[in-house]
Amino acid sequence: MPRTFKEAAIAGIGATEFSKASGRSELQLAAECALAACQDAGVDPHEIDGMITFTIDNSDEIGLARCLGVKDLAYTTRIPGGGAAAAATIAQAMAVVNAGLCKYVLIWRAMNERSQYRFGQNPTNLSGYTGGHGTGSLLWCIPFGAMTPASWAALQAARYMHTYGITNRDLGYVSVQQRKYAATNPKAWFYQRPITLEDHQNSKWIQEPWLRLLDCCQESDGGVALLVTSLERARDLKQPPVRIVGACQSIPYNVEVISNYYHDDLTVMPEAIGTARRLYAQTGLGPADIQAAMLYDAFTPHVLMQLEAFGFCGKGEAAEFVKRGGIAIDGRLPVNTHGGLIGEAYIHGMNSMAEGVRQVRGQSVNQVKNVTHVLVSSGMAGAILGKA
Amino acid sequence: MTASSDTPPVSKPTRIAPIVTPDAKFFWDAADREQFVGQKCGDCGRFTFPPRPMCPFCHSLKRQEVPLSGRGTVHAWTVPRHPQPFGFKEAPIVAVIQLEEGIRMVSNVVGIAPEDMVMDLPVEVTFEPTMNNHKVPVFKPRAR
Ligand SMILES: [Zn+2]
């Protein structure tokens, strides 16, 4: 294949059901969501020639390729940083399609994160913290009782909340809105189960005095896959093509994925600021050009800090923005319209990437009107998706 | 309730031992001797944390292991309520400590109740035992 620059597009999305106990192997979840993404696009899985996932996905490329009958794999890679990898998989897929290295790049993330192991519980295996897993300096947290993502996130959020006088009640507005979206999404674990601000305030402390249970994303079993190809090819496939207008990563000096305490100013997410700057420079777009956003919401403060990093509001103003309905369906910027990781499922951010695609296609159950560009962000990476 | 470091442990320590990597061994070895040390560049004199084999400023490989003052302030803190962290009888106060030398580390604040915690609380180092006969640096309130 001659290597000429090709525009990239997302041609297919696929997912398993989202549950708390899938009852089958992670490899099977991966195979099922991959097949679903190919069928959504109308592409024979045998034709996949690129595969991208997270460093911490437990399924082998070879194992998955053997399920799908992939004829000849031309490219594989994995992205570090836990959920920060979500949007980075799109950036990688775009780059290899741009470079003419692959025709059909499969992105997948599949896990039995609830039934087989739980990120939200104390660790049972410390070897994951010793390097090569993209987990940064977590080994410097463990002996001090900071053993869960919520504890690491609370230490980040604390300085931000303290500096701007943001209370835990203020965070509740994020959860309430996202559960409202989930309540009308039949695929969401919390379908038809909205919450009130009082429910949020009555939920137990996970990290006192910063994060309650309802500030935390779920733990889920399931798999999500995307199929990326050239825009040209995508035009001939089953679904309306979703153009990857731009995509990038940003990992500034002294930043790490969640034990992120070593950079200068803990009231900002320098990685999201870097992603925003790079993405806006790459695309020539800005916050005013974006009608909806899927922002990584492992914990509610991350949503606020990303809203500020991407310039949808000023520093310290995101809580007020959300409180005034800014992320609601009729607000300035509907956010996590599937319910997010809080309301739909925790498939490590990939289910939010899929919702970004649905919003551009006009297929969301909570469809935003007149969408031309959607931002998908996992902090250390982001993409702007648009109509072809 | 207060998690005091002043009362000697009556039973075997239950705190998880540090995960020691080659480039941080000097830090944990010193902690076992109740010494609080950091990494300073042998060429440009700047401090780095976590420890690493190369100075990110001047790329020197000359690492000096120097005593730190042990004084700092609480830059961020939290009390992990659920799940109760493994190895702790009561929920600890976990904190990001801003050290006088301009570096930060995650540790605990002991000898103060959670309800008395405030941001920027002045603290100083002390040590607590872990499983397998190791010690880790933690911090207690100090006079301003
Ligand atoms: Zn130096």
# chains A, B, ... in the order shown; residues from 1 in each chain; ligands from 1

$ residues_around --residues "Leu106 (chain A)" --least-positions-apart "3" --cutoff "6 Å" --atoms "only C-alpha atoms" --output "PDB file with N, CA and C atoms, in the first residue's frame"
ATOM      1  N   GLY A  50      -4.913  -3.382  12.025  1.00  0.00           N
ATOM      2  CA  GLY A  50      -4.270  -2.664  13.116  1.00  0.00           C
ATOM      3  C   GLY A  50      -5.028  -2.919  14.404  1.00  0.00           C
ATOM      4  N   MET A  51      -4.323  -3.038  15.525  1.00  0.00           N
ATOM      5  CA  MET A  51      -5.002  -3.278  16.809  1.00  0.00           C
ATOM      6  C   MET A  51      -4.354  -2.438  17.890  1.00  0.00           C
ATOM      7  N   LEU A 226     -13.899   0.378  18.849  1.00  0.00           N
ATOM      8  CA  LEU A 226     -14.091   1.332  17.751  1.00  0.00           C
ATOM      9  C   LEU A 226     -13.349   0.797  16.541  1.00  0.00           C
ATOM     10  N   LEU A 227     -13.851   1.106  15.367  1.00  0.00           N
ATOM     11  CA  LEU A 227     -13.140   0.753  14.141  1.00  0.00           C
ATOM     12  C   LEU A 227     -12.809   2.043  13.389  1.00  0.00           C
TER      13      LEU A 227
END

$ closest_atom_pairs --of "chain B" --to "chain A" --cutoff "8 Å" --atoms "only C-alpha atoms" --output "Markdown table"
| residue | atom | partner | partner_atom | distance |
| --- | --- | --- | --- | --- |
| B:Arg15 | CA | A:Pro143 | CA | 6.6 |
| B:Ile16 | CA | A:Pro143 | CA | 5.2 |
| B:Ala17 | CA | A:Pro143 | CA | 6.0 |
| B:Pro18 | CA | A:Pro143 | CA | 5.5 |
| B:Ile19 | CA | A:Leu139 | CA | 6.0 |
| B:Thr21 | CA | A:Thr130 | CA | 7.3 |
| B:Phe49 | CA | A:Tyr262 | CA | 7.9 |
| B:Pro50 | CA | A:Ser137 | CA | 7.6 |
| B:His75 | CA | A:Arg159 | CA | 7.0 |
| B:Ala76 | CA | A:Arg159 | CA | 5.5 |
| B:Trp77 | CA | A:Leu155 | CA | 5.7 |
| B:Thr78 | CA | A:Glu208 | CA | 6.0 |
| B:Val79 | CA | A:Glu208 | CA | 5.1 |
| B:Pro80 | CA | A:Gln207 | CA | 4.7 |
| B:Arg81 | CA | A:Ile206 | CA | 5.1 |
| B:His82 | CA | A:Ile206 | CA | 4.8 |
| B:Pro83 | CA | A:Gln121 | CA | 6.3 |
| B:Pro85 | CA | A:Gly145 | CA | 5.1 |
| B:Phe86 | CA | A:Asn122 | CA | 6.4 |
| B:Gly87 | CA | A:Gly145 | CA | 7.8 |
| B:Phe88 | CA | A:Gly145 | CA | 7.4 |
| B:Pro92 | CA | A:Gly145 | CA | 6.8 |
| B:Val94 | CA | A:Phe144 | CA | 6.5 |
| B:Ala95 | CA | A:Leu155 | CA | 7.0 |
| B:Val96 | CA | A:Leu155 | CA | 7.0 |
| B:Ile103 | CA | A:Tyr262 | CA | 7.6 |
| B:Arg104 | CA | A:Tyr262 | CA | 6.3 |
| B:Met105 | CA | A:Trp140 | CA | 7.7 |
| B:Val106 | CA | A:Cys141 | CA | 5.9 |
| B:Ser107 | CA | A:Phe144 | CA | 5.5 |
| B:Asn108 | CA | A:Phe144 | CA | 5.9 |
| B:Met119 | CA | A:His162 | CA | 7.9 |
| B:Val136 | CA | A:Pro143 | CA | 7.8 |

$ closest_residue --among "B:Pro67, B:Gly72, B:Gly111, B:Gly45" --to "ligand 1" --atoms "only C-alpha atoms and all ligand atoms"
B:Gly45

$ atom_distance --atom1 "CA of Phe310 (chain A)" --atom2 "CA of Arg243 (chain A)"
20.2 Å

$ residues_around --residues "Lys6 (chain A)" --least-positions-apart "2" --cutoff "9 Å" --atoms "only C-alpha atoms" --output "PyMOL selection string"
chain A and resi 3-4+8+97-100+230-232

$ write_last_selection --atoms "N, CA and C atoms" --output "PDB file, in the first residue's frame"
ATOM      1  N   ARG A   3       2.194   4.878   0.796  1.00  0.00           N
ATOM      2  CA  ARG A   3       1.915   5.653   2.002  1.00  0.00           C
ATOM      3  C   ARG A   3       1.662   7.122   1.664  1.00  0.00           C
ATOM      4  N   THR A   4       0.405   7.445   1.499  1.00  0.00           N
ATOM      5  CA  THR A   4       0.020   8.836   1.292  1.00  0.00           C
ATOM      6  C   THR A   4      -0.863   9.262   2.452  1.00  0.00           C
ATOM      7  N   ALA A   8      -8.605  10.456   8.643  1.00  0.00           N
ATOM      8  CA  ALA A   8      -9.109   9.291   9.372  1.00  0.00           C
ATOM      9  C   ALA A   8     -10.524   9.540   9.889  1.00  0.00           C
ATOM     10  N   VAL A  97      -3.563   5.601  10.356  1.00  0.00           N
ATOM     11  CA  VAL A  97      -4.369   5.727   9.132  1.00  0.00           C
ATOM     12  C   VAL A  97      -3.853   6.899   8.293  1.00  0.00           C
ATOM     13  N   ASN A  98      -3.575   8.022   8.955  1.00  0.00           N
ATOM     14  CA  ASN A  98      -2.983   9.178   8.258  1.00  0.00           C
ATOM     15  C   ASN A  98      -1.737   8.765   7.489  1.00  0.00           C
ATOM     16  N   ALA A  99      -0.927   7.936   8.126  1.00  0.00           N
ATOM     17  CA  ALA A  99       0.361   7.550   7.548  1.00  0.00           C
ATOM     18  C   ALA A  99       0.229   6.455   6.494  1.00  0.00           C
ATOM     19  N   GLY A 100      -0.968   5.966   6.316  1.00  0.00           N
ATOM     20  CA  GLY A 100      -1.173   4.924   5.308  1.00  0.00           C
ATOM     21  C   GLY A 100      -0.637   3.570   5.725  1.00  0.00           C
ATOM     22  N   SER A 230      -9.910   5.115   6.861  1.00  0.00           N
ATOM     23  CA  SER A 230      -9.767   6.410   6.189  1.00  0.00           C
ATOM     24  C   SER A 230     -11.148   7.019   5.966  1.00  0.00           C
ATOM     25  N   LEU A 231     -11.192   8.327   5.917  1.00  0.00           N
ATOM     26  CA  LEU A 231     -12.459   9.016   5.697  1.00  0.00           C
ATOM     27  C   LEU A 231     -13.053   8.591   4.356  1.00  0.00           C
ATOM     28  N   GLU A 232     -12.169   8.440   3.386  1.00  0.00           N
ATOM     29  CA  GLU A 232     -12.579   8.030   2.048  1.00  0.00           C
ATOM     30  C   GLU A 232     -13.311   6.678   2.086  1.00  0.00           C
TER      31      GLU A 232
END

$ select_by_dssp --residues "region 102-158 of chain A" --states "strand (DSSP E or B)" --output "ChimeraX atom specification"
/A:105-112

$ write_last_selection --atoms "N, CA and C atoms" --output "mmCIF file, in the first residue's frame"
data_model
loop_
_atom_site.group_PDB
_atom_site.id
_atom_site.type_symbol
_atom_site.label_atom_id
_atom_site.label_comp_id
_atom_site.auth_asym_id
_atom_site.auth_seq_id
_atom_site.Cartn_x
_atom_site.Cartn_y
_atom_site.Cartn_z
ATOM 1 N N VAL A 105 -8.275 -0.100 11.631
ATOM 2 C CA VAL A 105 -7.664 -0.216 12.951
ATOM 3 C C VAL A 105 -8.755 -0.488 13.982
ATOM 4 N N LEU A 106 -8.589 -1.589 14.690
ATOM 5 C CA LEU A 106 -9.513 -1.939 15.770
ATOM 6 C C LEU A 106 -8.960 -1.407 17.087
ATOM 7 N N ILE A 107 -9.789 -0.656 17.810
ATOM 8 C CA ILE A 107 -9.460 -0.229 19.173
ATOM 9 C C ILE A 107 -10.389 -0.998 20.098
ATOM 10 N N TRP A 108 -9.832 -1.597 21.150
ATOM 11 C CA TRP A 108 -10.728 -2.273 22.092
ATOM 12 C C TRP A 108 -10.279 -2.076 23.527
ATOM 13 N N ARG A 109 -11.235 -2.184 24.442
ATOM 14 C CA ARG A 109 -10.954 -2.261 25.872
ATOM 15 C C ARG A 109 -12.055 -3.108 26.472
ATOM 16 N N ALA A 110 -11.679 -4.228 27.070
ATOM 17 C CA ALA A 110 -12.682 -5.141 27.629
ATOM 18 C C ALA A 110 -12.212 -5.627 28.983
ATOM 19 N N MET A 111 -13.082 -5.597 29.960
ATOM 20 C CA MET A 111 -12.648 -5.991 31.298
ATOM 21 C C MET A 111 -13.793 -6.468 32.183
ATOM 22 N N ASN A 112 -13.440 -7.414 33.042
ATOM 23 C CA ASN A 112 -14.331 -7.819 34.123
ATOM 24 C C ASN A 112 -13.862 -7.091 35.380
#

$ residues_around --residues "Trp189 (chain A)" --least-positions-apart "5" --cutoff "9 Å" --atoms "only C-alpha atoms" --output "count of residues only"
10

$ residues_near_ligand --ligand "ligand 1" --cutoff "10 Å" --atoms "only C-alpha atoms and all ligand atoms" --output "PDB file with N, CA, C and O atoms, in the first residue's frame"
ATOM      1  N   LYS B  40      19.742  15.011  45.805  1.00  0.00           N
ATOM      2  CA  LYS B  40      20.175  16.332  45.346  1.00  0.00           C
ATOM      3  C   LYS B  40      21.189  16.116  44.234  1.00  0.00           C
ATOM      4  O   LYS B  40      22.035  15.213  44.319  1.00  0.00           O
ATOM      5  N   CYS B  41      21.125  16.927  43.200  1.00  0.00           N
ATOM      6  CA  CYS B  41      22.043  16.769  42.076  1.00  0.00           C
ATOM      7  C   CYS B  41      23.459  17.186  42.487  1.00  0.00           C
ATOM      8  O   CYS B  41      23.659  18.265  43.039  1.00  0.00           O
ATOM      9  N   GLY B  42      24.432  16.327  42.197  1.00  0.00           N
ATOM     10  CA  GLY B  42      25.822  16.606  42.530  1.00  0.00           C
ATOM     11  C   GLY B  42      26.437  17.694  41.675  1.00  0.00           C
ATOM     12  O   GLY B  42      27.517  18.203  41.991  1.00  0.00           O
ATOM     13  N   ASP B  43      25.755  18.066  40.610  1.00  0.00           N
ATOM     14  CA  ASP B  43      26.290  19.128  39.749  1.00  0.00           C
ATOM     15  C   ASP B  43      25.523  20.448  39.893  1.00  0.00           C
ATOM     16  O   ASP B  43      26.115  21.472  40.189  1.00  0.00           O
ATOM     17  N   CYS B  44      24.206  20.414  39.703  1.00  0.00           N
ATOM     18  CA  CYS B  44      23.479  21.691  39.729  1.00  0.00           C
ATOM     19  C   CYS B  44      22.830  21.961  41.087  1.00  0.00           C
ATOM     20  O   CYS B  44      22.310  23.047  41.315  1.00  0.00           O
ATOM     21  N   GLY B  45      22.829  20.956  41.959  1.00  0.00           N
ATOM     22  CA  GLY B  45      22.379  21.187  43.322  1.00  0.00           C
ATOM     23  C   GLY B  45      20.876  21.210  43.524  1.00  0.00           C
ATOM     24  O   GLY B  45      20.396  21.562  44.591  1.00  0.00           O
ATOM     25  N   ARG B  46      20.126  20.819  42.503  1.00  0.00           N
ATOM     26  CA  ARG B  46      18.678  20.851  42.668  1.00  0.00           C
ATOM     27  C   ARG B  46      18.135  19.521  43.202  1.00  0.00           C
ATOM     28  O   ARG B  46      18.713  18.464  42.952  1.00  0.00           O
ATOM     29  N   PHE B  47      17.013  19.605  43.920  1.00  0.00           N
ATOM     30  CA  PHE B  47      16.378  18.417  44.504  1.00  0.00           C
ATOM     31  C   PHE B  47      15.371  17.814  43.532  1.00  0.00           C
ATOM     32  O   PHE B  47      14.710  18.553  42.791  1.00  0.00           O
ATOM     33  N   THR B  48      15.262  16.497  43.538  1.00  0.00           N
ATOM     34  CA  THR B  48      14.215  15.847  42.754  1.00  0.00           C
ATOM     35  C   THR B  48      13.510  14.798  43.609  1.00  0.00           C
ATOM     36  O   THR B  48      14.112  14.153  44.464  1.00  0.00           O
ATOM     37  N   MET B  54      18.775  10.185  36.838  1.00  0.00           N
ATOM     38  CA  MET B  54      19.375  11.319  36.119  1.00  0.00           C
ATOM     39  C   MET B  54      18.713  12.625  36.543  1.00  0.00           C
ATOM     40  O   MET B  54      17.499  12.658  36.760  1.00  0.00           O
ATOM     41  N   CYS B  55      19.532  13.667  36.660  1.00  0.00           N
ATOM     42  CA  CYS B  55      18.970  14.983  36.982  1.00  0.00           C
ATOM     43  C   CYS B  55      18.241  15.520  35.745  1.00  0.00           C
ATOM     44  O   CYS B  55      18.843  15.637  34.679  1.00  0.00           O
ATOM     45  N   PRO B  56      16.945  15.867  35.892  1.00  0.00           N
ATOM     46  CA  PRO B  56      16.196  16.324  34.718  1.00  0.00           C
ATOM     47  C   PRO B  56      16.592  17.732  34.266  1.00  0.00           C
ATOM     48  O   PRO B  56      16.232  18.148  33.174  1.00  0.00           O
ATOM     49  N   PHE B  57      17.357  18.444  35.097  1.00  0.00           N
ATOM     50  CA  PHE B  57      17.731  19.825  34.755  1.00  0.00           C
ATOM     51  C   PHE B  57      19.049  19.873  33.990  1.00  0.00           C
ATOM     52  O   PHE B  57      19.167  20.552  32.982  1.00  0.00           O
ATOM     53  N   CYS B  58      20.074  19.122  34.494  1.00  0.00           N
ATOM     54  CA  CYS B  58      21.389  19.201  33.845  1.00  0.00           C
ATOM     55  C   CYS B  58      21.874  17.835  33.343  1.00  0.00           C
ATOM     56  O   CYS B  58      22.964  17.736  32.790  1.00  0.00           O
ATOM     57  N   HIS B  59      21.052  16.793  33.557  1.00  0.00           N
ATOM     58  CA  HIS B  59      21.341  15.440  33.076  1.00  0.00           C
ATOM     59  C   HIS B  59      22.560  14.804  33.722  1.00  0.00           C
ATOM     60  O   HIS B  59      23.115  13.833  33.208  1.00  0.00           O
ATOM     61  N   SER B  60      22.937  15.328  34.860  1.00  0.00           N
ATOM     62  CA  SER B  60      24.033  14.727  35.629  1.00  0.00           C
ATOM     63  C   SER B  60      23.587  13.384  36.204  1.00  0.00           C
ATOM     64  O   SER B  60      22.422  13.179  36.535  1.00  0.00           O
ATOM     65  N   LEU B  61      24.541  12.467  36.292  1.00  0.00           N
ATOM     66  CA  LEU B  61      24.277  11.178  36.946  1.00  0.00           C
ATOM     67  C   LEU B  61      24.811  11.167  38.380  1.00  0.00           C
ATOM     68  O   LEU B  61      24.737  10.156  39.060  1.00  0.00           O
ATOM     69  N   LYS B  62      25.357  12.304  38.822  1.00  0.00           N
ATOM     70  CA  LYS B  62      25.901  12.387  40.194  1.00  0.00           C
ATOM     71  C   LYS B  62      24.771  12.650  41.175  1.00  0.00           C
ATOM     72  O   LYS B  62      24.245  13.750  41.261  1.00  0.00           O
ATOM     73  N   ARG B  63      24.433  11.605  41.894  1.00  0.00           N
ATOM     74  CA  ARG B  63      23.349  11.727  42.854  1.00  0.00           C
ATOM     75  C   ARG B  63      23.911  11.906  44.246  1.00  0.00           C
ATOM     76  O   ARG B  63      24.706  11.086  44.695  1.00  0.00           O
TER      77      ARG B  63
END

$ residues_around --residues "Gln291 (chain A)" --least-positions-apart "6" --cutoff "9 Å" --atoms "only C-alpha atoms" --output "list of chain:residue names"
A:Arg332, A:Leu333, A:Pro334, A:Val368, A:Lys369, A:Asn370, A:Val371, A:Thr372, A:His373, A:Val374, A:Leu375

$ residues_around --residues "Pro13 (chain B)" --least-positions-apart "6" --cutoff "8 Å" --atoms "only C-alpha atoms" --output "PyMOL selection string"
chain B and resi 129-131

$ write_last_selection --atoms "C-alpha atoms" --output "compact mmCIF listing (two decimals), in the first residue's frame"
# COMPACT_ATOMS: atom_id res chain seq x y z
CA PRO B 129 7.10 0.98 61.69
CA THR B 130 5.81 -1.27 58.93
CA MET B 131 5.58 -5.00 58.39

$ atom_distance --atom1 "CA of Asp72 (chain A)" --atom2 "CA of Thr53 (chain A)"
17.6 Å

$ decode --residues "region 319-343 of chain A" --atoms "N, CA, C and O atoms" --output "mmCIF file, in the first residue's frame"
data_model
loop_
_atom_site.group_PDB
_atom_site.id
_atom_site.type_symbol
_atom_site.label_atom_id
_atom_site.label_comp_id
_atom_site.auth_asym_id
_atom_site.auth_seq_id
_atom_site.Cartn_x
_atom_site.Cartn_y
_atom_site.Cartn_z
ATOM 1 N N ALA A 319 -17.681 24.794 38.721
ATOM 2 C CA ALA A 319 -18.755 24.340 39.618
ATOM 3 C C ALA A 319 -20.002 25.187 39.407
ATOM 4 O O ALA A 319 -21.127 24.665 39.342
ATOM 5 N N GLU A 320 -19.824 26.479 39.287
ATOM 6 C CA GLU A 320 -20.948 27.386 39.064
ATOM 7 C C GLU A 320 -21.576 27.141 37.679
ATOM 8 O O GLU A 320 -22.802 27.147 37.520
ATOM 9 N N PHE A 321 -20.722 26.890 36.702
ATOM 10 C CA PHE A 321 -21.168 26.572 35.334
ATOM 11 C C PHE A 321 -22.106 25.362 35.351
ATOM 12 O O PHE A 321 -23.182 25.366 34.732
ATOM 13 N N VAL A 322 -21.698 24.321 36.088
ATOM 14 C CA VAL A 322 -22.507 23.095 36.168
ATOM 15 C C VAL A 322 -23.796 23.343 36.946
ATOM 16 O O VAL A 322 -24.879 22.925 36.542
ATOM 17 N N LYS A 323 -23.663 24.058 38.042
ATOM 18 C CA LYS A 323 -24.813 24.357 38.906
ATOM 19 C C LYS A 323 -25.904 25.096 38.132
ATOM 20 O O LYS A 323 -27.092 24.882 38.340
ATOM 21 N N ARG A 324 -25.491 25.955 37.215
ATOM 22 C CA ARG A 324 -26.450 26.737 36.418
ATOM 23 C C ARG A 324 -26.938 25.984 35.186
ATOM 24 O O ARG A 324 -27.523 26.583 34.288
ATOM 25 N N GLY A 325 -26.659 24.689 35.139
ATOM 26 C CA GLY A 325 -27.194 23.889 34.030
ATOM 27 C C GLY A 325 -26.329 23.883 32.784
ATOM 28 O O GLY A 325 -26.775 23.483 31.707
ATOM 29 N N GLY A 326 -25.080 24.278 32.922
ATOM 30 C CA GLY A 326 -24.192 24.366 31.762
ATOM 31 C C GLY A 326 -23.955 23.055 31.038
ATOM 32 O O GLY A 326 -23.713 23.048 29.829
ATOM 33 N N ILE A 327 -24.038 21.912 31.771
ATOM 34 C CA ILE A 327 -23.768 20.622 31.125
ATOM 35 C C ILE A 327 -25.059 19.834 30.851
ATOM 36 O O ILE A 327 -25.018 18.675 30.452
ATOM 37 N N ALA A 328 -26.196 20.468 31.072
ATOM 38 C CA ALA A 328 -27.494 19.826 30.795
ATOM 39 C C ALA A 328 -27.754 19.796 29.291
ATOM 40 O O ALA A 328 -27.062 20.453 28.521
ATOM 41 N N ILE A 329 -28.763 19.059 28.884
ATOM 42 C CA ILE A 329 -29.039 18.852 27.462
ATOM 43 C C ILE A 329 -29.329 20.174 26.732
ATOM 44 O O ILE A 329 -29.013 20.321 25.553
ATOM 45 N N ASP A 330 -29.896 21.121 27.461
ATOM 46 C CA ASP A 330 -30.176 22.431 26.848
ATOM 47 C C ASP A 330 -29.168 23.485 27.315
ATOM 48 O O ASP A 330 -29.372 24.687 27.134
ATOM 49 N N GLY A 331 -28.080 23.031 27.923
ATOM 50 C CA GLY A 331 -27.076 23.966 28.434
ATOM 51 C C GLY A 331 -26.066 24.349 27.372
ATOM 52 O O GLY A 331 -26.142 23.900 26.222
ATOM 53 N N ARG A 332 -25.107 25.180 27.759
ATOM 54 C CA ARG A 332 -24.073 25.625 26.833
ATOM 55 C C ARG A 332 -23.288 24.441 26.267
ATOM 56 O O ARG A 332 -22.944 24.420 25.092
ATOM 57 N N LEU A 333 -22.982 23.432 27.119
ATOM 58 C CA LEU A 333 -22.168 22.302 26.677
ATOM 59 C C LEU A 333 -22.651 21.011 27.355
ATOM 60 O O LEU A 333 -22.179 20.675 28.436
ATOM 61 N N PRO A 334 -23.565 20.292 26.721
ATOM 62 C CA PRO A 334 -23.956 18.995 27.299
ATOM 63 C C PRO A 334 -22.728 18.094 27.446
ATOM 64 O O PRO A 334 -21.927 17.978 26.517
ATOM 65 N N VAL A 335 -22.576 17.500 28.636
ATOM 66 C CA VAL A 335 -21.384 16.694 28.943
ATOM 67 C C VAL A 335 -21.809 15.293 29.371
ATOM 68 O O VAL A 335 -22.724 15.136 30.174
ATOM 69 N N ASN A 336 -21.129 14.303 28.843
ATOM 70 C CA ASN A 336 -21.357 12.900 29.216
ATOM 71 C C ASN A 336 -22.838 12.528 29.110
ATOM 72 O O ASN A 336 -23.465 12.076 30.072
ATOM 73 N N THR A 337 -23.350 12.696 27.910
ATOM 74 C CA THR A 337 -24.784 12.557 27.648
ATOM 75 C C THR A 337 -25.279 11.113 27.720
ATOM 76 O O THR A 337 -26.478 10.861 27.682
ATOM 77 N N HIS A 338 -24.375 10.141 27.806
ATOM 78 C CA HIS A 338 -24.754 8.739 28.013
ATOM 79 C C HIS A 338 -24.843 8.422 29.501
ATOM 80 O O HIS A 338 -25.287 7.342 29.883
ATOM 81 N N GLY A 339 -24.415 9.373 30.331
ATOM 82 C CA GLY A 339 -24.359 9.139 31.769
ATOM 83 C C GLY A 339 -22.926 9.050 32.266
ATOM 84 O O GLY A 339 -22.673 9.086 33.463
ATOM 85 N N GLY A 340 -22.003 8.917 31.327
ATOM 86 C CA GLY A 340 -20.583 8.882 31.692
ATOM 87 C C GLY A 340 -20.203 7.593 32.402
ATOM 88 O O GLY A 340 -20.957 6.614 32.422
ATOM 89 N N LEU A 341 -19.016 7.616 32.977
ATOM 90 C CA LEU A 341 -18.528 6.457 33.727
ATOM 91 C C LEU A 341 -19.291 6.351 35.041
ATOM 92 O O LEU A 341 -19.413 5.287 35.633
ATOM 93 N N ILE A 342 -19.848 7.464 35.464
ATOM 94 C CA ILE A 342 -20.672 7.512 36.673
ATOM 95 C C ILE A 342 -22.019 6.841 36.427
ATOM 96 O O ILE A 342 -22.485 6.060 37.244
ATOM 97 N N GLY A 343 -22.631 7.122 35.282
ATOM 98 C CA GLY A 343 -24.008 6.679 35.072
ATOM 99 C C GLY A 343 -24.172 5.498 34.140
ATOM 100 O O GLY A 343 -25.024 4.639 34.356
#
